[in-house]
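Structure below is protein-v9.txt: compact mmCIF, C-alpha atoms.
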# COMPACT_ATOMS: atom_id res chain seq x y z
CA MET A 97 67.81 117.56 81.07
CA THR A 98 64.49 115.72 80.89
CA THR A 99 63.97 112.46 82.76
CA PHE A 100 63.43 110.71 79.45
CA ALA A 101 66.69 111.98 77.93
CA ALA A 102 68.60 111.11 81.09
CA LEU A 103 67.12 107.63 81.30
CA THR A 104 67.86 106.99 77.62
CA ALA A 105 71.49 108.01 78.18
CA VAL A 106 71.82 105.83 81.30
CA LEU A 107 70.21 102.83 79.62
CA SER A 108 72.47 103.19 76.57
CA VAL A 109 75.59 103.37 78.73
CA GLY A 110 74.25 100.39 80.70
CA VAL A 111 73.86 98.30 77.55
CA ILE A 112 77.33 99.28 76.30
CA THR A 113 78.87 98.42 79.67
CA TYR A 114 77.14 95.03 79.77
CA VAL A 115 78.11 94.18 76.20
CA SER A 116 81.75 95.08 76.82
CA ARG A 117 81.80 92.76 79.83
CA ALA A 118 79.67 89.93 78.47
CA GLY A 119 80.50 89.97 74.75
CA LEU A 120 83.45 87.63 74.78
CA ILE A 121 82.04 85.46 77.56
CA VAL A 122 78.57 84.91 76.13
CA PHE A 123 79.12 85.04 72.39
CA LEU A 124 82.76 84.40 71.63
CA ALA A 125 83.88 82.00 74.35
CA ASP A 126 87.27 80.47 73.52
CA ARG A 127 88.09 82.72 70.60
CA PRO A 128 91.02 84.79 71.85
CA LEU A 129 91.55 88.38 70.70
CA PRO A 130 94.54 89.05 68.43
CA ALA A 131 97.68 89.90 70.40
CA SER A 132 97.96 93.38 68.90
CA ILE A 133 94.43 94.24 70.09
CA THR A 134 95.01 93.10 73.67
CA ARG A 135 98.24 95.06 73.61
CA ALA A 136 96.51 98.25 72.48
CA LEU A 137 93.69 97.70 75.02
CA ARG A 138 96.26 98.00 77.82
CA TYR A 139 96.64 101.71 77.06
CA VAL A 140 92.95 102.53 76.96
CA GLY A 141 92.80 103.13 80.72
CA PRO A 142 95.52 105.79 81.02
CA ALA A 143 94.61 107.49 77.71
CA VAL A 144 90.88 107.88 78.30
CA LEU A 145 91.09 108.74 82.00
CA SER A 146 93.63 111.51 81.45
CA ALA A 147 91.60 112.95 78.55
CA LEU A 148 88.51 112.84 80.75
CA THR A 149 90.35 114.65 83.56
CA VAL A 150 91.35 117.48 81.22
CA ASN A 151 87.81 117.74 79.90
CA LEU A 152 86.25 117.82 83.37
CA VAL A 153 88.63 120.56 84.52
CA ALA A 154 87.61 122.68 81.52
CA GLY A 155 83.96 122.01 82.39
CA GLY A 156 82.85 121.89 78.77
CA GLN A 157 83.78 125.55 78.22
CA GLY A 158 86.97 125.14 76.22
CA VAL A 159 90.35 126.33 77.45
CA GLY A 160 88.67 129.38 78.98
CA GLY A 161 86.91 127.14 81.51
CA VAL A 162 90.17 126.13 83.19
CA GLU A 163 90.59 127.68 86.65
CA PHE A 164 94.00 128.18 88.27
CA VAL A 165 92.94 126.78 91.65
CA GLU A 166 91.63 123.60 90.05
CA VAL A 167 94.85 123.04 88.13
CA ALA A 168 96.90 123.62 91.28
CA ALA A 169 94.73 121.15 93.24
CA LEU A 170 95.06 118.61 90.47
CA PHE A 171 98.83 119.03 90.33
CA VAL A 172 99.17 118.39 94.08
CA ALA A 173 96.86 115.37 93.82
CA ILE A 174 98.94 113.92 90.98
CA VAL A 175 102.20 114.37 92.92
CA VAL A 176 100.68 112.74 96.02
CA ALA A 177 99.20 109.88 93.97
CA ALA A 178 102.59 109.26 92.37
CA THR A 179 104.54 109.29 95.62
CA ALA A 180 102.07 107.77 98.11
CA ARG A 181 100.43 105.41 95.56
CA ASN A 182 97.14 106.00 97.37
CA LEU A 183 93.92 107.37 95.89
CA ILE A 184 92.40 108.54 99.18
CA ALA A 185 95.56 110.47 100.09
CA ALA A 186 95.54 112.09 96.63
CA LEU A 187 91.90 113.13 97.00
CA ILE A 188 92.46 114.63 100.46
CA ALA A 189 95.63 116.46 99.36
CA GLY A 190 93.97 117.84 96.23
CA MET A 191 90.85 119.06 98.01
CA THR A 192 92.87 120.57 100.87
CA THR A 193 94.98 122.49 98.34
CA LEU A 194 91.83 123.72 96.64
CA TRP A 195 90.28 124.93 99.91
CA LEU A 196 93.50 126.62 101.02
CA LEU A 197 93.84 128.49 97.72
CA LEU A 198 90.19 129.50 97.65
CA TRP A 199 90.58 130.81 101.19
CA LEU A 200 93.81 132.71 100.39
CA VAL A 201 92.86 134.15 97.01
CA MET B 25 76.15 64.43 102.80
CA ASN B 26 73.98 67.44 102.22
CA SER B 27 75.18 69.25 105.33
CA ASP B 28 78.77 68.59 104.25
CA ARG B 29 78.06 70.34 101.00
CA ASP B 30 76.39 73.24 102.82
CA ARG B 31 79.47 73.62 104.93
CA THR B 32 81.79 73.82 101.92
CA ASP B 33 79.42 76.26 100.23
CA ARG B 34 79.45 78.45 103.29
CA ALA B 35 83.23 78.21 103.52
CA ILE B 36 83.55 79.37 99.90
CA THR B 37 81.22 82.31 100.49
CA ALA B 38 83.15 83.28 103.62
CA ASP B 39 86.42 82.97 101.71
CA ALA B 40 85.03 85.18 98.93
CA LEU B 41 83.89 87.88 101.36
CA ARG B 42 87.16 87.85 103.28
CA ALA B 43 89.04 88.38 100.02
CA ALA B 44 86.55 90.94 98.67
CA ILE B 45 86.34 93.37 101.62
CA PRO B 46 89.92 94.75 101.60
CA LEU B 47 89.68 95.51 97.87
CA PHE B 48 86.47 97.43 98.43
CA ILE B 49 87.96 99.93 100.90
CA PRO B 50 89.73 102.06 98.25
CA ALA B 51 86.44 102.24 96.33
CA ILE B 52 84.59 103.91 99.23
CA PRO B 53 85.75 107.52 98.58
CA PHE B 54 85.10 106.99 94.88
CA GLY B 55 81.53 105.89 95.66
CA LEU B 56 81.01 108.91 97.94
CA VAL B 57 82.33 111.27 95.23
CA LEU B 58 79.98 109.65 92.73
CA GLY B 59 77.06 110.15 95.13
CA VAL B 60 77.89 113.83 95.46
CA ALA B 61 78.33 114.11 91.67
CA ILE B 62 74.83 112.66 91.22
CA THR B 63 73.37 115.46 93.34
CA ASP B 64 75.33 118.01 91.21
CA SER B 65 74.37 116.36 87.92
CA ALA B 66 72.10 117.83 85.26
CA MET B 67 70.25 114.52 85.46
CA PRO B 68 67.29 114.02 87.77
CA THR B 69 68.69 112.53 90.99
CA ALA B 70 66.67 109.30 90.72
CA VAL B 71 68.01 108.65 87.22
CA GLY B 72 71.56 109.41 88.40
CA TRP B 73 71.06 106.91 91.22
CA SER B 74 69.74 104.29 88.81
CA THR B 75 73.22 104.12 87.23
CA ASN B 76 74.10 101.83 90.16
CA LEU B 77 71.61 99.25 88.99
CA LEU B 78 71.81 99.81 85.23
CA ILE B 79 75.53 100.47 84.67
CA PHE B 80 77.40 99.33 87.82
CA ALA B 81 80.83 100.59 86.72
CA GLY B 82 82.28 103.46 88.76
CA ALA B 83 84.23 105.33 86.06
CA ALA B 84 81.45 104.98 83.45
CA GLN B 85 78.86 106.10 86.03
CA LEU B 86 80.91 109.13 87.06
CA ALA B 87 81.48 110.11 83.42
CA THR B 88 77.78 109.71 82.62
CA VAL B 89 76.50 111.88 85.45
CA SER B 90 79.22 114.54 85.20
CA LEU B 91 79.05 114.90 81.40
CA ALA B 92 75.23 114.93 81.31
CA ALA B 93 75.12 118.73 81.32
CA THR B 94 77.48 119.34 78.41
CA ALA B 95 77.60 116.25 76.18
CA THR B 96 75.20 114.96 73.55
CA TRP B 97 73.82 111.44 73.72
CA LEU B 98 76.36 110.28 71.15
CA THR B 99 79.47 111.69 72.89
CA LEU B 100 78.27 110.37 76.22
CA VAL B 101 77.77 106.86 74.88
CA ALA B 102 81.02 106.94 72.88
CA THR B 103 82.98 108.12 75.93
CA ALA B 104 81.46 105.37 78.06
CA ALA B 105 82.29 102.83 75.36
CA VAL B 106 85.95 103.88 75.41
CA ILE B 107 86.09 103.88 79.23
CA ASN B 108 84.63 100.38 79.16
CA LEU B 109 87.21 98.98 76.75
CA ARG B 110 89.21 97.62 79.67
CA HIS B 111 86.21 95.40 80.46
CA VAL B 112 86.72 93.76 77.06
CA MET B 113 90.16 92.84 78.29
CA TYR B 114 88.73 91.29 81.47
CA SER B 115 86.10 89.49 79.44
CA ALA B 116 88.78 88.10 77.11
CA ALA B 117 90.91 86.96 80.03
CA LEU B 118 88.04 85.28 81.91
CA SER B 119 86.13 83.71 79.02
CA PRO B 120 87.95 80.34 79.22
CA ARG B 121 86.76 80.02 82.83
CA PHE B 122 83.16 80.41 81.74
CA THR B 123 83.14 77.66 79.10
CA ASP B 124 82.17 74.92 81.59
CA GLN B 125 79.58 77.12 83.32
CA PRO B 126 75.78 76.96 82.82
CA ARG B 127 74.22 79.34 80.35
CA TRP B 128 72.39 81.43 83.00
CA PHE B 129 75.67 82.19 84.73
CA ARG B 130 77.38 83.16 81.48
CA TRP B 131 74.67 85.76 81.01
CA ILE B 132 74.40 87.05 84.59
CA GLY B 133 78.02 86.72 85.73
CA PRO B 134 79.52 89.42 83.45
CA PHE B 135 77.17 92.07 84.86
CA PHE B 136 79.20 92.02 88.10
CA LEU B 137 82.60 92.14 86.39
CA ILE B 138 84.13 95.24 87.99
CA ASP B 139 87.90 95.69 88.35
CA GLN B 140 87.98 94.24 91.87
CA LEU B 141 86.02 91.13 90.90
CA PHE B 142 88.34 90.51 87.98
CA ALA B 143 91.36 90.88 90.24
CA LEU B 144 89.88 88.39 92.73
CA THR B 145 88.48 85.73 90.46
CA SER B 146 91.06 85.57 87.70
CA VAL B 147 93.74 84.41 90.12
CA ARG B 148 91.62 81.65 91.72
CA THR B 149 92.82 78.99 89.31
CA GLU B 150 92.54 76.24 91.94
CA MET B 151 88.74 76.53 91.82
CA ALA B 152 86.52 75.37 88.97
CA GLY B 153 82.88 74.62 88.16
CA PRO B 154 80.31 75.29 90.89
CA GLN B 155 82.94 76.32 93.45
CA TRP B 156 84.38 79.07 91.27
CA ARG B 157 80.83 80.14 90.38
CA ARG B 158 79.90 80.42 94.05
CA PHE B 159 83.08 82.38 94.81
CA TYR B 160 82.47 84.70 91.85
CA LEU B 161 78.82 85.39 92.68
CA SER B 162 79.42 85.84 96.42
CA ALA B 163 82.08 88.48 95.82
CA GLY B 164 80.13 90.04 92.92
CA ILE B 165 76.90 90.43 94.88
CA PHE B 166 78.85 91.78 97.86
CA TYR B 167 80.39 94.48 95.63
CA PHE B 168 77.05 95.29 94.04
CA VAL B 169 75.29 95.78 97.39
CA SER B 170 78.12 97.67 99.10
CA TRP B 171 78.73 99.92 96.08
CA THR B 172 75.07 100.91 95.86
CA THR B 173 75.03 101.57 99.61
CA VAL B 174 78.12 103.80 99.54
CA VAL B 175 76.88 105.80 96.52
CA THR B 176 73.51 106.30 98.20
CA LEU B 177 75.31 107.50 101.32
CA GLY B 178 77.32 110.00 99.26
CA LEU B 179 74.11 111.18 97.62
CA VAL B 180 72.38 111.80 100.95
CA VAL B 181 75.43 113.55 102.45
CA GLY B 182 76.19 115.40 99.21
CA SER B 183 72.90 117.22 99.01
CA SER B 184 73.59 118.88 102.37
CA ILE B 185 77.16 120.03 101.54
CA PRO B 186 77.34 123.70 100.47
CA THR B 187 78.56 124.39 96.90
CA GLU B 188 81.38 126.62 98.24
CA TRP B 189 83.16 123.44 99.25
CA ARG B 190 83.68 122.87 95.53
CA LEU B 191 83.17 119.11 95.65
CA ASP B 192 82.51 119.38 91.91
CA VAL B 193 86.31 119.29 91.49
CA ALA B 194 86.56 115.90 93.21
CA PRO B 195 85.66 113.79 90.13
CA ALA B 196 88.54 115.30 88.11
CA ILE B 197 90.92 114.58 91.01
CA MET B 198 89.65 110.99 91.24
CA PHE B 199 90.21 110.43 87.53
CA ALA B 200 93.69 111.98 87.67
CA GLY B 201 94.56 109.77 90.66
CA LEU B 202 93.31 106.67 88.82
CA VAL B 203 95.54 107.56 85.86
CA VAL B 204 98.62 107.93 88.06
CA LEU B 205 97.98 104.71 90.02
CA GLY B 206 97.47 102.84 86.77
CA LEU B 207 100.81 103.92 85.31
CA THR B 208 103.25 101.04 85.62
CA ASN B 209 105.46 101.41 82.55
CA ARG B 210 106.73 103.92 80.02
CA PRO B 211 104.17 103.25 77.25
CA GLY B 212 101.41 103.83 79.83
CA ILE B 213 102.91 107.22 80.71
CA VAL B 214 103.13 108.08 76.99
CA ALA B 215 99.46 107.09 76.53
CA ALA B 216 98.33 109.25 79.46
CA ALA B 217 100.44 112.27 78.46
CA VAL B 218 99.35 112.19 74.81
CA GLY B 219 95.71 111.64 75.85
CA ALA B 220 95.80 114.70 78.12
CA VAL B 221 97.67 117.01 75.73
CA VAL B 222 95.59 116.13 72.68
CA CYS B 223 92.37 116.54 74.67
CA LEU B 224 93.61 119.94 75.84
CA LEU B 225 94.36 120.99 72.25
CA ALA B 226 91.00 119.62 71.12
CA LEU B 227 88.93 121.24 73.90
CA ASP B 228 87.11 123.39 71.38
CA VAL B 229 85.87 120.39 69.41
CA PRO B 230 82.11 120.53 70.00
CA ASN B 231 80.18 118.15 72.27
CA ASN B 232 83.21 117.07 74.27
CA GLY B 233 84.57 115.30 71.20
CA GLY B 234 88.05 116.15 72.52
CA ILE B 235 87.77 113.26 75.00
CA LEU B 236 87.54 110.75 72.19
CA VAL B 237 90.20 112.42 70.04
CA GLY B 238 92.52 112.51 73.06
CA ALA B 239 91.75 108.94 74.14
CA ILE B 240 92.28 107.46 70.69
CA SER B 241 95.54 109.40 70.16
CA GLY B 242 96.72 108.24 73.60
CA VAL B 243 95.99 104.57 72.87
CA ILE B 244 97.83 104.75 69.53
CA ALA B 245 100.80 106.53 71.14
CA GLY B 246 100.95 103.99 73.99
CA TYR B 247 100.81 101.09 71.55
CA LEU B 248 103.56 102.57 69.38
CA ALA B 249 105.74 103.26 72.44
CA ASP B 250 105.23 99.65 73.54
CA VAL B 251 106.25 98.29 70.13
CA ALA B 252 109.22 100.68 69.93
CA GLY B 253 110.35 99.75 73.45
CA GLU B 254 110.20 96.06 72.64
CA ARG B 255 112.19 96.55 69.46
CA ARG B 256 114.82 98.52 71.41
CA SER B 257 115.20 95.88 74.09
CA GLY B 258 115.22 93.21 71.38
CA VAL B 259 118.17 94.89 69.69
CA ARG B 260 120.00 95.13 72.99
CA ALA B 261 119.40 91.46 73.74
CA SER B 262 120.77 90.28 70.40
Kindly return the structure encoded in the file as structure tokens.
Amino acid sequence: MTTFAALTAVLSVGVITYVSRAGLIVFLADRPLPASITRALRYVGPAVLSALTVNLVAGGQGVGGVEFVEVAALFVAIVVAATARNLIAALIAGMTTLWLLLWLV
Amino acid sequence: MNSDRDRTDRAITADALRAAIPLFIPAIPFGLVLGVAITDSAMPTAVGWSTNLLIFAGAAQLATVSLAATATWLTLVATAAVINLRHVMYSAALSPRFTDQPRWFRWIGPFFLIDQLFALTSVRTEMAGPQWRRFYLSAGIFYFVSWTTVVTLGLVVGSSIPTEWRLDVAPAIMFAGLVVLGLTNRPGIVAAAVGAVVCLLALDVPNNGGILVGAISGVIAGYLADVAGERRSGVRAS
């Protein structure tokens, strides 16, 4: 990736991020969003983050890019996140599982 | 008079920092992971680092640097736009508090609006005008400086960690953990499950388009589950 292409991408994401934060504050102060939109927005977080997780595990190589050890590490991390409600614990548990499996297999 | 005012100003800043620090602690591993991801990224390291100053949003930054190798400009920007939709929600919720603020602050303030800052400032309803502004900016600048520091630290450490440690898996684990911690009700679980399954089925859509297909399906499913759940409880109540 060239520096120019990378910088263009970063700047574009920067502008989009700023607009999504500032849009309603700078331009549309006091005009509330319709209730159905705010309701749908609530589910953006879980939907996009889980899709992103799946995509990252595949590493842009389709279903063939999915590795068993990664899926196992992810599974342990999800269980720990759900029970301990703690992101750091989930990260440590997931990475430890990954290292153990890589060492065993 | 003037020194009285200074004292209150300083008290507000101290109050803001005291409230801001505990919320930053969970963000530290995320920042370190992002730093490592920048060293792994297809982007030049300096450009990856510049996401701290130009984007300043952990999830969008992590997506940008980790998708750089495989995604086109359009998918990258579209994915970031979807990730950032929750900021629209924050913006909507905070906009009434900005109506009595000066124009410069309306423009600069939103740049700092990360999850933690929203959580801190939206509940401070007892403050208004210059006091709320001071509280907001003190916490916002604190987050900006500490975030950039932690990511830089991860970047320096990351470049000396061998690839066999497979830290490239850490971003996926972070995202999965964020999903789980964000799940508080049934429609949220439906949204996450549909998002993941549809993205899995759509993995062969070119240019990582599966992320968007999955995300949009998940949002629709979550919304429908929410409406259906409300209707069900409505029937039970009547």
### Task
Counting all atoms listed in the file, figure out which residue out of A:Val172, A:Ala118, A:Leu129, A:Val140 gets nearest to A:Leu194.
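Nearest to A:Leu194: A:Val172.
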### Message
With distances taken over all atoms listed in the file, which residue among A:Ile174, A:Pro142, A:Leu196, A:Thr134 lies nearest B:Val218?
### Response
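Distance minimum relative to B:Val218 lands on A:Pro142.
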### Task
Work out how far atom CA of B:Val222 is from atom CA of B:Val112, in Å to one decimal.
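Straight-line distance from atom CA of B:Val112 to atom CA of B:Val222 works out to 24.5 Å.
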### Query
When distances are computed from all atoms listed in the file, which of B:Ile36, B:Ile62, B:Leu109, B:Val57 shows the smallest separation from A:Val115?
B:Leu109
### Message
Report, in Å with one decimal, the straight-line distance from atom CA of B:Ala117 to atom CA of A:Arg117.
### Response
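Atom CA of A:Arg117 lies at a distance of 10.8 Å from atom CA of B:Ala117.
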### Message
Quick one: residues within 9 Å of B:Leu118, all atoms listed in the file, excluding same-chain residues fewer than 3 positions away - as a ChimeraX atom specification?
### Response
/A:120-121 /B:113-115,121-122,142,145-146
Restore N, CA and C atoms in stretch 201-232 of chain B and list the result as an mmCIF file, keeping the file's coordinate frame.
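Generated output (result-v4.cif):
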data_model
loop_
_atom_site.group_PDB
_atom_site.id
_atom_site.type_symbol
_atom_site.label_atom_id
_atom_site.label_comp_id
_atom_site.auth_asym_id
_atom_site.auth_seq_id
_atom_site.Cartn_x
_atom_site.Cartn_y
_atom_site.Cartn_z
ATOM 1 N N GLY B 201 93.927 110.734 89.764
ATOM 2 C CA GLY B 201 94.560 109.770 90.660
ATOM 3 C C GLY B 201 94.535 108.363 90.080
ATOM 4 N N LEU B 202 93.407 107.995 89.452
ATOM 5 C CA LEU B 202 93.310 106.670 88.820
ATOM 6 C C LEU B 202 94.343 106.521 87.706
ATOM 7 N N VAL B 203 94.538 107.613 86.942
ATOM 8 C CA VAL B 203 95.540 107.560 85.860
ATOM 9 C C VAL B 203 96.902 107.256 86.476
ATOM 10 N N VAL B 204 97.287 108.056 87.488
ATOM 11 C CA VAL B 204 98.620 107.930 88.060
ATOM 12 C C VAL B 204 98.831 106.535 88.664
ATOM 13 N N LEU B 205 97.818 106.024 89.395
ATOM 14 C CA LEU B 205 97.980 104.710 90.020
ATOM 15 C C LEU B 205 98.043 103.605 88.969
ATOM 16 N N GLY B 206 97.455 103.860 87.808
ATOM 17 C CA GLY B 206 97.470 102.840 86.770
ATOM 18 C C GLY B 206 98.732 102.836 85.929
ATOM 19 N N LEU B 207 99.602 103.828 86.132
ATOM 20 C CA LEU B 207 100.810 103.920 85.310
ATOM 21 C C LEU B 207 101.898 103.019 85.863
ATOM 22 N N THR B 208 102.240 101.968 85.123
ATOM 23 C CA THR B 208 103.250 101.040 85.620
ATOM 24 C C THR B 208 104.462 100.995 84.698
ATOM 25 N N ASN B 209 104.325 101.493 83.459
ATOM 26 C CA ASN B 209 105.460 101.410 82.550
ATOM 27 C C ASN B 209 105.493 102.638 81.641
ATOM 28 N N ARG B 210 106.557 102.744 80.843
ATOM 29 C CA ARG B 210 106.730 103.920 80.020
ATOM 30 C C ARG B 210 105.628 104.107 78.958
ATOM 31 N N PRO B 211 105.243 103.041 78.233
ATOM 32 C CA PRO B 211 104.170 103.250 77.250
ATOM 33 C C PRO B 211 102.876 103.765 77.890
ATOM 34 N N GLY B 212 102.596 103.345 79.135
ATOM 35 C CA GLY B 212 101.410 103.830 79.830
ATOM 36 C C GLY B 212 101.502 105.333 80.072
ATOM 37 N N ILE B 213 102.698 105.795 80.466
ATOM 38 C CA ILE B 213 102.910 107.220 80.710
ATOM 39 C C ILE B 213 102.741 107.993 79.402
ATOM 40 N N VAL B 214 103.281 107.438 78.304
ATOM 41 C CA VAL B 214 103.130 108.080 76.990
ATOM 42 C C VAL B 214 101.637 108.178 76.645
ATOM 43 N N ALA B 215 100.890 107.093 76.853
ATOM 44 C CA ALA B 215 99.460 107.090 76.530
ATOM 45 C C ALA B 215 98.721 108.173 77.307
ATOM 46 N N ALA B 216 99.011 108.270 78.613
ATOM 47 C CA ALA B 216 98.330 109.250 79.460
ATOM 48 C C ALA B 216 98.689 110.675 79.048
ATOM 49 N N ALA B 217 99.991 110.916 78.800
ATOM 50 C CA ALA B 217 100.440 112.270 78.460
ATOM 51 C C ALA B 217 99.838 112.709 77.126
ATOM 52 N N VAL B 218 99.903 111.841 76.116
ATOM 53 C CA VAL B 218 99.350 112.190 74.810
ATOM 54 C C VAL B 218 97.833 112.381 74.919
ATOM 55 N N GLY B 219 97.169 111.513 75.664
ATOM 56 C CA GLY B 219 95.710 111.640 75.850
ATOM 57 C C GLY B 219 95.351 113.002 76.423
ATOM 58 N N ALA B 220 96.103 113.424 77.464
ATOM 59 C CA ALA B 220 95.800 114.700 78.120
ATOM 60 C C ALA B 220 96.102 115.879 77.196
ATOM 61 N N VAL B 221 97.266 115.864 76.560
ATOM 62 C CA VAL B 221 97.670 117.010 75.730
ATOM 63 C C VAL B 221 96.744 117.157 74.521
ATOM 64 N N VAL B 222 96.459 116.042 73.857
ATOM 65 C CA VAL B 222 95.590 116.130 72.680
ATOM 66 C C VAL B 222 94.183 116.583 73.089
ATOM 67 N N CYS B 223 93.693 116.098 74.223
ATOM 68 C CA CYS B 223 92.370 116.540 74.670
ATOM 69 C C CYS B 223 92.382 118.028 74.971
ATOM 70 N N LEU B 224 93.487 118.514 75.542
ATOM 71 C CA LEU B 224 93.610 119.940 75.840
ATOM 72 C C LEU B 224 93.587 120.759 74.550
ATOM 73 N N LEU B 225 94.329 120.289 73.528
ATOM 74 C CA LEU B 225 94.360 120.990 72.250
ATOM 75 C C LEU B 225 93.002 120.913 71.548
ATOM 76 N N ALA B 226 92.263 119.846 71.828
ATOM 77 C CA ALA B 226 91.000 119.620 71.120
ATOM 78 C C ALA B 226 89.795 120.050 71.947
ATOM 79 N N LEU B 227 90.034 120.873 73.004
ATOM 80 C CA LEU B 227 88.930 121.240 73.900
ATOM 81 C C LEU B 227 87.807 121.969 73.161
ATOM 82 N N ASP B 228 88.140 122.642 72.069
ATOM 83 C CA ASP B 228 87.110 123.390 71.380
ATOM 84 C C ASP B 228 86.327 122.553 70.368
ATOM 85 N N VAL B 229 86.696 121.294 70.225
ATOM 86 C CA VAL B 229 85.870 120.390 69.410
ATOM 87 C C VAL B 229 84.505 120.297 70.099
ATOM 88 N N PRO B 230 83.420 120.483 69.346
ATOM 89 C CA PRO B 230 82.110 120.530 70.000
ATOM 90 C C PRO B 230 81.702 119.215 70.662
ATOM 91 N N ASN B 231 80.775 119.307 71.586
ATOM 92 C CA ASN B 231 80.180 118.150 72.270
ATOM 93 C C ASN B 231 81.180 117.253 72.972
ATOM 94 N N ASN B 232 82.208 117.853 73.549
ATOM 95 C CA ASN B 232 83.210 117.070 74.270
ATOM 96 C C ASN B 232 83.894 116.025 73.408
#
